[in-house]
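Visitor: Following this message is one structure expressed as structure tokens.
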Amino acid sequence: MMHKKRTFILLAALATAAVAQAQTDLDKSFLSKDEVPNAAWYLPAPPDTSSVAFLYDYNRYQWGRSLRSTYRGRIADFDTFWQTDSVLKGFAPVFGFYITRTSAPETYKLIARAAIDAEYGVDGAKECYMRKRPYMQFHEHTGCPTDEE
């Protein structure tokens, strides 16, 4: 565990140094939308609704739905918040402290900007496949109804 922690800190420090040389605004990404790898290039299409793979997806959806009122379900709800502060809360046990704008400003900037690139990459697959989300397909609500739109 200690080796992983040191490796992560080293990688974060190296990336932070690169970020310090680049733009520092939190609302800017490292790449333009055209430069980000399109997830549709490496993610397969969703399974056809008449396939065994779709039945497996449906089974996993029902399993996840059954966990919503449990501790694990509350963690999953929290994990849907994609703001930098919520993402970084998950790194606190590894770092030994909460990464915030003031406690580790360069690491905070790195994660904030990388999150924008990650979002851009996923957009390509969403636009390409236009898959109906399970809650829409089964006329149900998600664990986070405010984010359904």
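Note on naming: chains are A, B, ... as they come in the structure tokens, residues start from 1 per chain, ligands start from 1 in the order shown.
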For segment 127-133 of chain A, work out the shell of residues within 10 Å, counting only C-alpha atoms and skipping chain neighbours fewer than 2 positions away, then give it as a list of chain:residue names.
Guide: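 So, after excluding close chain neighbours, the residues are A:Asn38, A:Ala39, A:Ala40, A:Trp41, A:Pro44, A:Ala45, A:Pro46, A:Pro47, A:Val122, A:Asp123, A:Gly124, A:Ala125, A:Tyr135, A:Met136, A:Gln137, A:Phe138, A:His139, A:Thr142, A:Glu148.
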Visitor: Just the residues within 9 Å of Ser29 of chain A, please, counting only C-alpha atoms, with nothing from its chain fewer than 3 positions along; format it as a PyMOL selection string.
Guide: chain A and resi 23+25-26+32-33+112-117
Visitor: Would you tabulate, counting only C-alpha atoms, all residues of segment 81-107 of chain A that have an atom at most 12 Å from an atom of segment 60-77 of chain A, showing the closest pair of atoms and their distance in Å to one decimal, sorted by chain then ascending number, as a tab-separated table?
Guide:
residue	atom	partner	partner_atom	distance
A:Phe81	CA	A:Asp77	CA	7.6
A:Trp82	CA	A:Asp77	CA	10.8
A:Ser86	CA	A:Asp77	CA	11.3
A:Lys89	CA	A:Ile75	CA	11.8
A:Gly90	CA	A:Ile75	CA	10.5
Visitor: Take the residues that were just selected and, keeping all heavy atoms, output them as a short mmCIF file (atom, residue, chain, number, x, y, z; two decimals), in the first residue's frame.
Guide:
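So the final result, stored in again-v4.cif, reads:
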data_model
loop_
_atom_site.label_atom_id
_atom_site.label_comp_id
_atom_site.auth_asym_id
_atom_site.auth_seq_id
_atom_site.Cartn_x
_atom_site.Cartn_y
_atom_site.Cartn_z
N PHE A 81 -21.77 12.29 -8.28
CA PHE A 81 -21.42 13.71 -8.29
C PHE A 81 -20.03 13.85 -8.90
O PHE A 81 -19.06 13.33 -8.37
CB PHE A 81 -21.47 14.31 -6.88
CG PHE A 81 -22.84 14.33 -6.31
CD1 PHE A 81 -23.22 13.41 -5.36
CD2 PHE A 81 -23.77 15.26 -6.75
CE1 PHE A 81 -24.50 13.41 -4.83
CE2 PHE A 81 -25.05 15.28 -6.24
CZ PHE A 81 -25.42 14.35 -5.28
N TRP A 82 -19.94 14.53 -10.00
CA TRP A 82 -18.71 14.60 -10.77
C TRP A 82 -17.97 15.92 -10.56
O TRP A 82 -17.15 16.32 -11.36
CB TRP A 82 -19.06 14.36 -12.24
CG TRP A 82 -17.91 14.10 -13.12
CD1 TRP A 82 -17.58 14.81 -14.24
CD2 TRP A 82 -16.90 13.09 -13.02
NE1 TRP A 82 -16.44 14.30 -14.82
CE2 TRP A 82 -16.01 13.23 -14.09
CE3 TRP A 82 -16.66 12.07 -12.11
CZ2 TRP A 82 -14.91 12.42 -14.29
CZ3 TRP A 82 -15.56 11.26 -12.31
CH2 TRP A 82 -14.72 11.44 -13.39
N SER A 86 -15.98 16.40 -4.92
CA SER A 86 -16.47 15.07 -4.57
C SER A 86 -15.56 13.97 -5.08
O SER A 86 -15.35 12.98 -4.41
CB SER A 86 -17.89 14.82 -5.09
OG SER A 86 -18.40 15.80 -5.86
N LYS A 89 -12.56 13.62 -2.77
CA LYS A 89 -12.84 13.04 -1.44
C LYS A 89 -12.42 11.57 -1.42
O LYS A 89 -11.94 11.07 -0.41
CB LYS A 89 -14.32 13.18 -1.11
CG LYS A 89 -14.64 12.75 0.29
CD LYS A 89 -16.08 13.03 0.65
CE LYS A 89 -16.34 12.61 2.08
NZ LYS A 89 -17.73 12.80 2.46
N GLY A 90 -12.55 10.89 -2.54
CA GLY A 90 -12.14 9.48 -2.63
C GLY A 90 -10.65 9.26 -2.52
O GLY A 90 -10.19 8.17 -2.18
#
Visitor: Tell me which protein, DNA and RNA residues are within 10 Å of Thr49 of chain A, counting only C-alpha atoms, leaving out same-chain ones fewer than 6 positions away, and put them as JSON, numbers by chain.
Guide: {"A": [55, 57, 58]}
Visitor: So which one's closest to Lys28 of chain A, A:Phe91, A:Leu110, A:Tyr42, A:Pro134? Using only C-alpha atoms, please.
Guide: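 Using only C-alpha atoms, Lys28 of chain A sits closest to A:Leu110.
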Visitor: Can you list every residue in segment 8-140 of chain A that DSSP puts in helix (DSSP H, G or I), as a ChimeraX atom specification?
Guide: /A:8-21,39-41,52-66,71-79,84-89,92-95,105-129,134-137
Visitor: How many Å lie between atom CA of Thr84 of chain A and atom CA of Lys109 of chain A, rounded to one decimal?
Guide: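 If I compute the distance from atom CA of Thr84 of chain A to atom CA of Lys109 of chain A, I get 8.9 Å.
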